[in-house]
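Text of target08.txt, listed as compact mmCIF, C-alpha atoms:
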```
# COMPACT_ATOMS: atom_id res chain seq x y z
CA MET A 1 167.18 -44.19 -49.24
CA LEU A 2 170.64 -45.77 -49.70
CA LYS A 3 170.89 -44.23 -53.17
CA PHE A 4 170.09 -40.81 -51.73
CA LEU A 5 172.60 -41.22 -48.87
CA LYS A 6 175.23 -42.16 -51.47
CA TYR A 7 174.38 -38.96 -53.35
CA GLU A 8 174.68 -36.92 -50.15
CA PHE A 9 178.09 -38.46 -49.46
CA LYS A 10 179.36 -37.56 -52.93
CA ARG A 11 177.92 -34.08 -52.60
CA ASN A 12 179.44 -33.32 -49.20
CA TRP A 13 182.56 -35.45 -48.76
CA ARG A 14 185.03 -32.65 -49.56
CA PHE A 15 183.46 -30.30 -47.03
CA ASN A 16 183.15 -33.06 -44.41
CA ILE A 17 186.81 -34.04 -44.72
CA LEU A 18 187.97 -30.41 -44.68
CA VAL A 19 185.94 -29.51 -41.60
CA SER A 20 186.95 -32.75 -39.83
CA ILE A 21 190.65 -32.03 -40.39
CA THR A 22 190.13 -28.43 -39.24
CA LEU A 23 188.38 -29.56 -36.06
CA LEU A 24 191.06 -32.17 -35.43
CA ILE A 25 193.82 -29.54 -35.65
CA LEU A 26 191.86 -27.15 -33.41
CA VAL A 27 191.21 -29.91 -30.84
CA ILE A 28 194.92 -30.78 -30.73
CA ILE A 29 195.94 -27.12 -30.37
CA SER A 30 193.24 -26.50 -27.76
CA ASN A 31 194.37 -29.45 -25.65
CA LEU A 32 198.03 -28.49 -25.92
CA LEU A 33 197.09 -25.03 -24.64
CA TYR A 34 194.95 -26.66 -21.92
CA ASN A 35 198.10 -28.13 -20.38
CA THR A 36 199.79 -24.71 -20.10
CA PRO A 37 199.51 -22.38 -17.05
CA GLU A 38 196.15 -20.64 -16.84
CA ASN A 39 197.43 -17.12 -17.55
CA ASP A 40 199.78 -18.07 -20.39
CA TYR A 41 198.90 -17.81 -24.09
CA ILE A 42 195.57 -16.10 -23.36
CA PHE A 43 195.31 -14.69 -26.89
CA PHE A 44 195.88 -18.09 -28.53
CA LYS A 45 193.39 -19.76 -26.19
CA ILE A 46 190.70 -17.22 -27.09
CA LEU A 47 191.55 -17.47 -30.80
CA THR A 48 191.36 -21.26 -30.72
CA ALA A 49 188.01 -21.20 -28.89
CA LEU A 50 186.58 -18.72 -31.40
CA SER A 51 187.90 -20.73 -34.34
CA THR A 52 186.31 -23.89 -32.96
CA SER A 53 182.97 -22.09 -32.51
CA VAL A 54 183.09 -20.66 -36.04
CA THR A 55 183.95 -24.07 -37.51
CA SER A 56 181.08 -25.71 -35.62
CA PHE A 57 178.70 -22.98 -36.81
CA SER A 58 179.92 -23.41 -40.40
CA ILE A 59 178.84 -27.07 -40.33
CA MET A 60 175.26 -26.14 -39.51
CA TYR A 61 175.31 -23.24 -41.99
CA TYR A 62 176.58 -25.51 -44.77
CA TYR A 63 173.86 -28.11 -44.31
CA ILE A 64 171.14 -25.46 -43.97
CA LYS A 65 172.37 -23.85 -47.19
CA ASN A 66 172.30 -27.19 -49.04
CA PHE A 67 168.78 -27.95 -47.85
CA SER A 68 167.57 -24.46 -48.78
CA LYS A 69 169.23 -24.69 -52.20
CA ASP A 70 167.23 -27.80 -53.00
CA LEU A 71 163.98 -26.02 -52.12
CA TYR A 72 164.58 -22.53 -53.49
CA SER A 73 166.80 -22.97 -56.56
CA ASP A 74 166.52 -24.78 -59.88
CA THR A 75 169.94 -26.40 -59.46
CA GLY A 76 169.26 -28.53 -56.38
CA TYR A 77 168.65 -32.22 -55.90
CA LEU A 78 164.87 -31.98 -56.25
CA THR A 79 165.24 -30.59 -59.80
CA PHE A 80 167.79 -32.89 -61.40
CA SER A 81 167.42 -36.12 -59.42
CA LEU A 82 165.60 -39.33 -60.16
CA PRO A 83 162.04 -39.43 -58.71
CA ILE A 84 162.17 -39.49 -54.92
CA SER A 85 159.51 -38.99 -52.27
CA GLY A 86 159.61 -35.99 -49.98
CA TYR A 87 159.78 -38.32 -46.99
CA THR A 88 162.83 -40.16 -48.34
CA TYR A 89 164.54 -36.86 -49.14
CA PHE A 90 163.79 -35.32 -45.74
CA TRP A 91 164.74 -38.31 -43.60
CA GLY A 92 167.80 -38.93 -45.77
CA LYS A 93 168.97 -35.41 -44.90
CA VAL A 94 168.34 -35.97 -41.19
CA ILE A 95 170.09 -39.37 -41.14
CA PHE A 96 173.13 -38.07 -43.03
CA TYR A 97 173.56 -35.14 -40.62
CA LEU A 98 173.21 -37.53 -37.66
CA LEU A 99 175.84 -39.89 -39.10
CA PHE A 100 178.24 -37.00 -39.63
CA SER A 101 177.68 -35.81 -36.04
CA ILE A 102 178.44 -39.32 -34.75
CA ALA A 103 181.57 -39.45 -36.93
CA LEU A 104 182.90 -36.43 -35.01
CA LEU A 105 182.66 -38.21 -31.63
CA PRO A 106 186.32 -39.41 -31.75
CA MET A 107 187.26 -35.75 -31.21
CA THR A 108 185.82 -36.08 -27.70
CA ILE A 109 187.89 -39.21 -27.05
CA LEU A 110 191.02 -37.44 -28.30
CA THR A 111 190.32 -34.53 -25.94
CA ALA A 112 189.98 -36.91 -22.98
CA ILE A 113 193.26 -38.66 -23.84
CA MET A 114 195.18 -35.40 -24.26
CA GLN A 115 193.83 -34.10 -20.96
CA GLY A 116 195.26 -37.08 -19.10
CA GLN A 117 192.10 -39.18 -18.91
CA PHE A 118 193.57 -42.14 -20.82
CA ASP A 119 192.95 -44.55 -17.92
CA ASP A 120 189.30 -43.51 -17.81
CA ILE A 121 188.95 -44.22 -21.54
CA ILE A 122 190.48 -47.69 -21.14
CA LEU A 123 188.14 -48.39 -18.20
CA LEU A 124 185.15 -47.25 -20.27
CA ILE A 125 186.16 -49.55 -23.15
CA LYS A 126 186.45 -52.51 -20.76
CA LYS A 127 183.01 -51.76 -19.32
CA PHE A 128 181.43 -51.12 -22.73
CA PRO A 129 179.59 -54.49 -23.02
CA SER A 130 178.01 -53.97 -19.60
CA LEU A 131 176.59 -50.60 -20.70
CA PHE A 132 173.88 -52.43 -22.64
CA THR A 133 172.58 -54.00 -19.43
CA ASN A 134 172.24 -50.62 -17.72
CA GLU A 135 168.72 -49.58 -18.71
CA ARG A 136 169.00 -46.02 -17.41
CA LEU A 137 172.25 -45.36 -19.28
CA LEU A 138 170.97 -46.99 -22.46
CA LEU A 139 167.78 -44.92 -22.39
CA GLY A 140 169.87 -41.81 -21.73
CA ILE A 141 171.92 -42.49 -24.87
CA ILE A 142 168.76 -43.09 -26.91
CA LEU A 143 167.29 -39.86 -25.53
CA LEU A 144 170.43 -37.91 -26.50
CA ILE A 145 170.27 -39.27 -30.06
CA LEU A 146 166.56 -38.40 -30.26
CA ILE A 147 167.29 -34.83 -29.13
CA ILE A 148 169.96 -34.43 -31.85
CA VAL A 149 167.53 -35.84 -34.42
CA TYR A 150 164.72 -33.61 -33.12
CA VAL A 151 166.75 -30.40 -33.40
CA THR A 152 167.69 -31.36 -36.98
CA VAL A 153 164.09 -32.29 -37.83
CA ILE A 154 162.70 -28.99 -36.51
CA LEU A 155 165.43 -27.01 -38.26
CA TYR A 156 164.65 -28.58 -41.64
CA THR A 157 160.89 -28.52 -41.01
CA SER A 158 161.02 -24.78 -40.26
CA ILE A 159 162.77 -24.09 -43.58
CA THR A 160 160.30 -26.33 -45.43
CA LEU A 161 157.30 -24.67 -43.77
CA ILE A 162 158.37 -21.10 -44.55
CA HIS A 163 159.11 -22.11 -48.14
CA TYR A 164 155.65 -23.66 -48.47
CA LEU A 165 153.94 -20.57 -47.05
CA SER A 166 155.96 -18.10 -49.12
CA LYS A 167 158.46 -18.97 -51.83
CA SER A 168 159.91 -15.45 -51.73
CA LYS A 169 163.53 -15.35 -50.63
CA ASN A 170 162.71 -12.13 -48.77
CA THR A 171 160.85 -14.15 -46.14
CA TYR A 172 163.38 -17.00 -46.03
CA PHE A 173 164.97 -16.07 -42.70
CA LEU A 174 161.60 -16.22 -40.95
CA TRP A 175 162.38 -19.93 -40.54
CA VAL A 176 164.53 -18.91 -37.55
CA LEU A 177 161.43 -17.52 -35.80
CA ILE A 178 159.48 -20.70 -36.56
CA PHE A 179 162.38 -22.86 -35.36
CA VAL A 180 162.70 -21.03 -32.04
CA SER A 181 158.93 -21.00 -31.48
CA ILE A 182 158.53 -24.74 -32.10
CA MET A 183 161.53 -25.61 -29.93
CA VAL A 184 160.36 -23.48 -27.01
CA LEU A 185 156.73 -24.63 -27.16
CA SER A 186 157.55 -28.32 -27.66
CA PHE A 187 160.06 -28.52 -24.82
CA TYR A 188 157.71 -26.52 -22.58
CA ALA A 189 155.01 -29.11 -23.33
CA LEU A 190 157.52 -31.90 -22.64
CA PHE A 191 158.38 -30.32 -19.28
CA LYS A 192 154.71 -29.85 -18.31
CA ILE A 193 153.85 -33.46 -19.22
CA ASN A 194 156.74 -34.71 -17.09
CA ILE A 195 155.63 -32.60 -14.12
CA LEU A 196 151.99 -33.67 -14.56
CA ILE A 197 152.72 -37.40 -14.66
CA TYR A 198 155.76 -37.50 -12.36
CA PRO A 199 155.46 -34.51 -9.98
CA PHE A 200 158.26 -35.67 -7.69
CA ASN A 201 161.67 -35.39 -9.32
CA ASP A 202 164.40 -37.69 -8.03
CA ALA A 203 168.09 -36.84 -8.10
CA GLU A 204 168.34 -39.25 -11.03
CA PRO A 205 165.50 -39.72 -13.54
CA SER A 206 163.64 -43.01 -13.17
CA ILE A 207 163.29 -45.55 -15.98
CA SER A 208 159.64 -44.57 -16.44
CA VAL A 209 160.52 -40.87 -16.86
CA LEU A 210 163.19 -41.68 -19.44
CA LEU A 211 160.77 -43.96 -21.31
CA LEU A 212 158.15 -41.21 -21.30
CA ASN A 213 160.61 -38.70 -22.78
CA VAL A 214 161.79 -41.20 -25.39
CA PHE A 215 158.17 -41.76 -26.42
CA ILE A 216 157.37 -38.02 -26.58
CA LEU A 217 160.49 -37.14 -28.59
CA SER A 218 159.86 -40.06 -30.95
CA PHE A 219 156.31 -38.76 -31.42
CA TYR A 220 157.60 -35.22 -32.06
CA ASN A 221 160.08 -36.50 -34.66
CA LEU A 222 157.43 -38.59 -36.40
CA VAL A 223 154.87 -35.77 -36.55
CA PHE A 224 157.19 -33.00 -37.75
CA GLY A 225 159.12 -35.31 -40.08
CA THR A 226 155.84 -36.47 -41.65
CA LEU A 227 154.69 -32.85 -42.02
CA ALA A 228 157.94 -31.82 -43.73
CA GLY A 229 157.88 -34.84 -46.05
CA TYR A 230 154.28 -34.05 -47.02
CA LEU A 231 155.11 -30.40 -47.76
CA ILE A 232 158.12 -31.38 -49.87
CA ASP A 233 155.93 -33.82 -51.81
CA LYS A 234 153.51 -30.95 -52.43
CA LYS A 235 156.42 -28.92 -53.83
CA LEU A 236 157.30 -31.76 -56.23
CA GLU A 237 153.71 -31.91 -57.44
CA LEU A 238 153.88 -28.23 -58.40
CA GLN A 239 156.95 -28.70 -60.60
```
As structure tokens, please, write out the structure in this file.
Amino acid sequence: MLKFLKYEFKRNWRFNILVSITLLILVIISNLLYNTPENDYIFFKILTALSTSVTSFSIMYYYIKNFSKDLYSDTGYLTFSLPISGYTYFWGKVIFYLLFSIALLPMTILTAIMQGQFDDIILLIKKFPSLFTNERLLLGIILLILIIVYVTVILYTSITLIHYLSKSKNTYFLWVLIFVSIMVLSFYALFKINILIYPFNDAEPSISVLLLNVFILSFYNLVFGTLAGYLIDKKLELQ
């Protein structure tokens, strides 16, 4: 796994640095414009917002393209690499994307500082050790990470599934339909299970509700990640 993550870093470091610098510049510009009167610099505010959206979309597009290249072309990792299991490859991709997403979190801190919330940041840092004793908050953070992982897992699983069913590039974009279908059905099932077990919703979710959702999302990730790893292994057997 570590060897594969090292490969991923070497493969993507230029893009990651470029997009990080771009986002940093856009965040600084956006926050400078935030401190101006509401009706001033409307064009630049819209342009900055669009640029930030496009940059964020390009990150997902880039990683989808890399994953697809490995499956569909003869120049990807699965062709010229040392032997690797489909599970190691798949989870390595998911972990690397998660680590990159976490690496972008300082942008949020920079935004808070530039918007005059410096005192709040200092207070949060001082209270940081106590966060680990707050079960509800800790479970909320775990749940957020699991959701990010789940979206990535389903995205990559959808591409893997459509490739396994049909290796034609003409059907490639059907992965979007599979992705949307799985996301809608799985979260609908999650919602129904929550309502069935805990019919009365409090203003704040209880520890038991958070634990239930952590368990369900962990189960989802395990099932779909295992499926994708198995299908990728089947691809390797055919080569």
Write out as a short mmCIF file (atom, residue, chain, number, x, y, z; two decimals) with C-alpha atoms, in the coordinates of the input which residues come within 12 Å of stretch 185-199 of chain A when counting all atoms listed in the file, dropping same-chain ones fewer than 3 positions away.
```
data_model
loop_
_atom_site.label_atom_id
_atom_site.label_comp_id
_atom_site.auth_asym_id
_atom_site.auth_seq_id
_atom_site.Cartn_x
_atom_site.Cartn_y
_atom_site.Cartn_z
CA ILE A 147 167.29 -34.83 -29.13
CA TYR A 150 164.72 -33.61 -33.12
CA VAL A 151 166.75 -30.40 -33.40
CA ILE A 154 162.70 -28.99 -36.51
CA ILE A 178 159.48 -20.70 -36.56
CA PHE A 179 162.38 -22.86 -35.36
CA VAL A 180 162.70 -21.03 -32.04
CA SER A 181 158.93 -21.00 -31.48
CA ILE A 182 158.53 -24.74 -32.10
CA ASP A 202 164.40 -37.69 -8.03
CA PRO A 205 165.50 -39.72 -13.54
CA SER A 206 163.64 -43.01 -13.17
CA ILE A 207 163.29 -45.55 -15.98
CA SER A 208 159.64 -44.57 -16.44
CA VAL A 209 160.52 -40.87 -16.86
CA LEU A 210 163.19 -41.68 -19.44
CA LEU A 211 160.77 -43.96 -21.31
CA LEU A 212 158.15 -41.21 -21.30
CA ASN A 213 160.61 -38.70 -22.78
CA VAL A 214 161.79 -41.20 -25.39
CA PHE A 215 158.17 -41.76 -26.42
CA ILE A 216 157.37 -38.02 -26.58
CA LEU A 217 160.49 -37.14 -28.59
CA SER A 218 159.86 -40.06 -30.95
CA PHE A 219 156.31 -38.76 -31.42
CA TYR A 220 157.60 -35.22 -32.06
CA ASN A 221 160.08 -36.50 -34.66
CA VAL A 223 154.87 -35.77 -36.55
CA PHE A 224 157.19 -33.00 -37.75
#
```
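Here atom CA of A:Thr36 stands at a distance of 24.3 Å from atom CA of A:Ser56.
With only C-alpha atoms as the basis for measurement, A:Val149 is the residue among A:Val149, A:Met60, A:Ile141, A:Met1 that approaches A:Leu99 most closely.
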Do you have, as JSON lines, the list of residues of stretch 26-83 of chain A lying at most 9 Å from stretch 158-164 of chain A, each with its nearest atom pair and that distance in Å to one decimal, counting only C-alpha atoms and ordered by chain then number?
```
{"residue": "A:Ile64", "atom": "CA", "partner": "A:Ile159", "partner_atom": "CA", "distance": 8.5}
{"residue": "A:Phe67", "atom": "CA", "partner": "A:Ile159", "partner_atom": "CA", "distance": 8.3}
{"residue": "A:Ser68", "atom": "CA", "partner": "A:Ile159", "partner_atom": "CA", "distance": 7.1}
{"residue": "A:Leu71", "atom": "CA", "partner": "A:His163", "partner_atom": "CA", "distance": 7.4}
{"residue": "A:Tyr72", "atom": "CA", "partner": "A:His163", "partner_atom": "CA", "distance": 7.7}
```
From A:Ser20, A:Thr226, A:Ser101, A:Ser168, residue lying nearest A:Thr88 [only C-alpha atoms]: A:Thr226
For A:Gly229, the nearest of the candidates A:Phe57, A:Phe15, A:Trp91, A:Trp175, counting all atoms listed in the file: A:Trp91
Atom CA of A:Leu138 to atom CA of A:Leu98 measures 18.0 Å
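Among A:Lys3, A:Pro37, A:Ile17, A:Gly225, the residue with the shortest atom-to-atom distance to A:Ala103, counting only C-alpha atoms, is A:Ile17.
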Rebuild N, CA and C atoms on stretch 206-237 of chain A, as a PDB file, in the frame of the given file?
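This went into selection_24.pdb:
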```
ATOM      1  N   SER A 206     163.998 -41.594 -13.221  1.00  0.00           N
ATOM      2  CA  SER A 206     163.640 -43.010 -13.170  1.00  0.00           C
ATOM      3  C   SER A 206     163.503 -43.561 -14.587  1.00  0.00           C
ATOM      4  N   ILE A 207     163.447 -44.889 -14.689  1.00  0.00           N
ATOM      5  CA  ILE A 207     163.290 -45.550 -15.980  1.00  0.00           C
ATOM      6  C   ILE A 207     162.003 -45.090 -16.664  1.00  0.00           C
ATOM      7  N   SER A 208     160.932 -44.964 -15.879  1.00  0.00           N
ATOM      8  CA  SER A 208     159.640 -44.570 -16.440  1.00  0.00           C
ATOM      9  C   SER A 208     159.674 -43.157 -17.015  1.00  0.00           C
ATOM     10  N   VAL A 209     160.396 -42.239 -16.354  1.00  0.00           N
ATOM     11  CA  VAL A 209     160.520 -40.870 -16.860  1.00  0.00           C
ATOM     12  C   VAL A 209     161.296 -40.858 -18.168  1.00  0.00           C
ATOM     13  N   LEU A 210     162.391 -41.606 -18.220  1.00  0.00           N
ATOM     14  CA  LEU A 210     163.190 -41.680 -19.440  1.00  0.00           C
ATOM     15  C   LEU A 210     162.377 -42.284 -20.586  1.00  0.00           C
ATOM     16  N   LEU A 211     161.616 -43.336 -20.282  1.00  0.00           N
ATOM     17  CA  LEU A 211     160.770 -43.960 -21.310  1.00  0.00           C
ATOM     18  C   LEU A 211     159.721 -42.985 -21.828  1.00  0.00           C
ATOM     19  N   LEU A 212     159.139 -42.207 -20.911  1.00  0.00           N
ATOM     20  CA  LEU A 212     158.150 -41.210 -21.300  1.00  0.00           C
ATOM     21  C   LEU A 212     158.755 -40.191 -22.260  1.00  0.00           C
ATOM     22  N   ASN A 213     159.955 -39.694 -21.933  1.00  0.00           N
ATOM     23  CA  ASN A 213     160.610 -38.700 -22.780  1.00  0.00           C
ATOM     24  C   ASN A 213     161.032 -39.276 -24.123  1.00  0.00           C
ATOM     25  N   VAL A 214     161.461 -40.531 -24.121  1.00  0.00           N
ATOM     26  CA  VAL A 214     161.790 -41.200 -25.390  1.00  0.00           C
ATOM     27  C   VAL A 214     160.552 -41.294 -26.270  1.00  0.00           C
ATOM     28  N   PHE A 215     159.422 -41.649 -25.667  1.00  0.00           N
ATOM     29  CA  PHE A 215     158.170 -41.760 -26.420  1.00  0.00           C
ATOM     30  C   PHE A 215     157.747 -40.397 -26.979  1.00  0.00           C
ATOM     31  N   ILE A 216     157.804 -39.351 -26.142  1.00  0.00           N
ATOM     32  CA  ILE A 216     157.370 -38.020 -26.580  1.00  0.00           C
ATOM     33  C   ILE A 216     158.257 -37.498 -27.702  1.00  0.00           C
ATOM     34  N   LEU A 217     159.582 -37.625 -27.552  1.00  0.00           N
ATOM     35  CA  LEU A 217     160.490 -37.140 -28.590  1.00  0.00           C
ATOM     36  C   LEU A 217     160.343 -37.937 -29.882  1.00  0.00           C
ATOM     37  N   SER A 218     160.104 -39.241 -29.760  1.00  0.00           N
ATOM     38  CA  SER A 218     159.860 -40.060 -30.950  1.00  0.00           C
ATOM     39  C   SER A 218     158.589 -39.592 -31.662  1.00  0.00           C
ATOM     40  N   PHE A 219     157.568 -39.267 -30.865  1.00  0.00           N
ATOM     41  CA  PHE A 219     156.310 -38.760 -31.420  1.00  0.00           C
ATOM     42  C   PHE A 219     156.535 -37.414 -32.111  1.00  0.00           C
ATOM     43  N   TYR A 220     157.270 -36.517 -31.459  1.00  0.00           N
ATOM     44  CA  TYR A 220     157.600 -35.220 -32.060  1.00  0.00           C
ATOM     45  C   TYR A 220     158.296 -35.424 -33.411  1.00  0.00           C
ATOM     46  N   ASN A 221     159.314 -36.271 -33.425  1.00  0.00           N
ATOM     47  CA  ASN A 221     160.080 -36.500 -34.660  1.00  0.00           C
ATOM     48  C   ASN A 221     159.188 -37.043 -35.768  1.00  0.00           C
ATOM     49  N   LEU A 222     158.320 -37.982 -35.413  1.00  0.00           N
ATOM     50  CA  LEU A 222     157.430 -38.590 -36.400  1.00  0.00           C
ATOM     51  C   LEU A 222     156.463 -37.559 -36.978  1.00  0.00           C
ATOM     52  N   VAL A 223     155.860 -36.760 -36.108  1.00  0.00           N
ATOM     53  CA  VAL A 223     154.870 -35.770 -36.550  1.00  0.00           C
ATOM     54  C   VAL A 223     155.499 -34.707 -37.437  1.00  0.00           C
ATOM     55  N   PHE A 224     156.579 -34.078 -36.969  1.00  0.00           N
ATOM     56  CA  PHE A 224     157.190 -33.000 -37.750  1.00  0.00           C
ATOM     57  C   PHE A 224     157.904 -33.522 -38.990  1.00  0.00           C
ATOM     58  N   GLY A 225     158.493 -34.720 -38.902  1.00  0.00           N
ATOM     59  CA  GLY A 225     159.120 -35.310 -40.080  1.00  0.00           C
ATOM     60  C   GLY A 225     158.094 -35.650 -41.145  1.00  0.00           C
ATOM     61  N   THR A 226     156.929 -36.158 -40.719  1.00  0.00           N
ATOM     62  CA  THR A 226     155.840 -36.470 -41.650  1.00  0.00           C
ATOM     63  C   THR A 226     155.309 -35.196 -42.299  1.00  0.00           C
ATOM     64  N   LEU A 227     155.159 -34.136 -41.503  1.00  0.00           N
ATOM     65  CA  LEU A 227     154.690 -32.850 -42.020  1.00  0.00           C
ATOM     66  C   LEU A 227     155.651 -32.318 -43.085  1.00  0.00           C
ATOM     67  N   ALA A 228     156.946 -32.330 -42.782  1.00  0.00           N
ATOM     68  CA  ALA A 228     157.940 -31.820 -43.730  1.00  0.00           C
ATOM     69  C   ALA A 228     157.955 -32.647 -45.007  1.00  0.00           C
ATOM     70  N   GLY A 229     157.902 -33.980 -44.872  1.00  0.00           N
ATOM     71  CA  GLY A 229     157.880 -34.840 -46.050  1.00  0.00           C
ATOM     72  C   GLY A 229     156.669 -34.576 -46.921  1.00  0.00           C
ATOM     73  N   TYR A 230     155.514 -34.362 -46.284  1.00  0.00           N
ATOM     74  CA  TYR A 230     154.280 -34.050 -47.020  1.00  0.00           C
ATOM     75  C   TYR A 230     154.418 -32.731 -47.775  1.00  0.00           C
ATOM     76  N   LEU A 231     154.957 -31.705 -47.125  1.00  0.00           N
ATOM     77  CA  LEU A 231     155.110 -30.400 -47.760  1.00  0.00           C
ATOM     78  C   LEU A 231     156.097 -30.448 -48.920  1.00  0.00           C
ATOM     79  N   ILE A 232     157.157 -31.238 -48.774  1.00  0.00           N
ATOM     80  CA  ILE A 232     158.120 -31.380 -49.870  1.00  0.00           C
ATOM     81  C   ILE A 232     157.480 -32.121 -51.037  1.00  0.00           C
ATOM     82  N   ASP A 233     156.660 -33.127 -50.746  1.00  0.00           N
ATOM     83  CA  ASP A 233     155.930 -33.820 -51.810  1.00  0.00           C
ATOM     84  C   ASP A 233     155.000 -32.861 -52.549  1.00  0.00           C
ATOM     85  N   LYS A 234     154.373 -31.949 -51.809  1.00  0.00           N
ATOM     86  CA  LYS A 234     153.510 -30.950 -52.430  1.00  0.00           C
ATOM     87  C   LYS A 234     154.314 -30.052 -53.358  1.00  0.00           C
ATOM     88  N   LYS A 235     155.544 -29.734 -52.982  1.00  0.00           N
ATOM     89  CA  LYS A 235     156.420 -28.920 -53.830  1.00  0.00           C
ATOM     90  C   LYS A 235     156.710 -29.662 -55.137  1.00  0.00           C
ATOM     91  N   LEU A 236     156.980 -30.970 -55.042  1.00  0.00           N
ATOM     92  CA  LEU A 236     157.300 -31.760 -56.230  1.00  0.00           C
ATOM     93  C   LEU A 236     156.104 -31.841 -57.174  1.00  0.00           C
ATOM     94  N   GLU A 237     154.904 -31.855 -56.613  1.00  0.00           N
ATOM     95  CA  GLU A 237     153.710 -31.910 -57.440  1.00  0.00           C
ATOM     96  C   GLU A 237     153.522 -30.637 -58.252  1.00  0.00           C
TER      97      GLU A 237
END
```
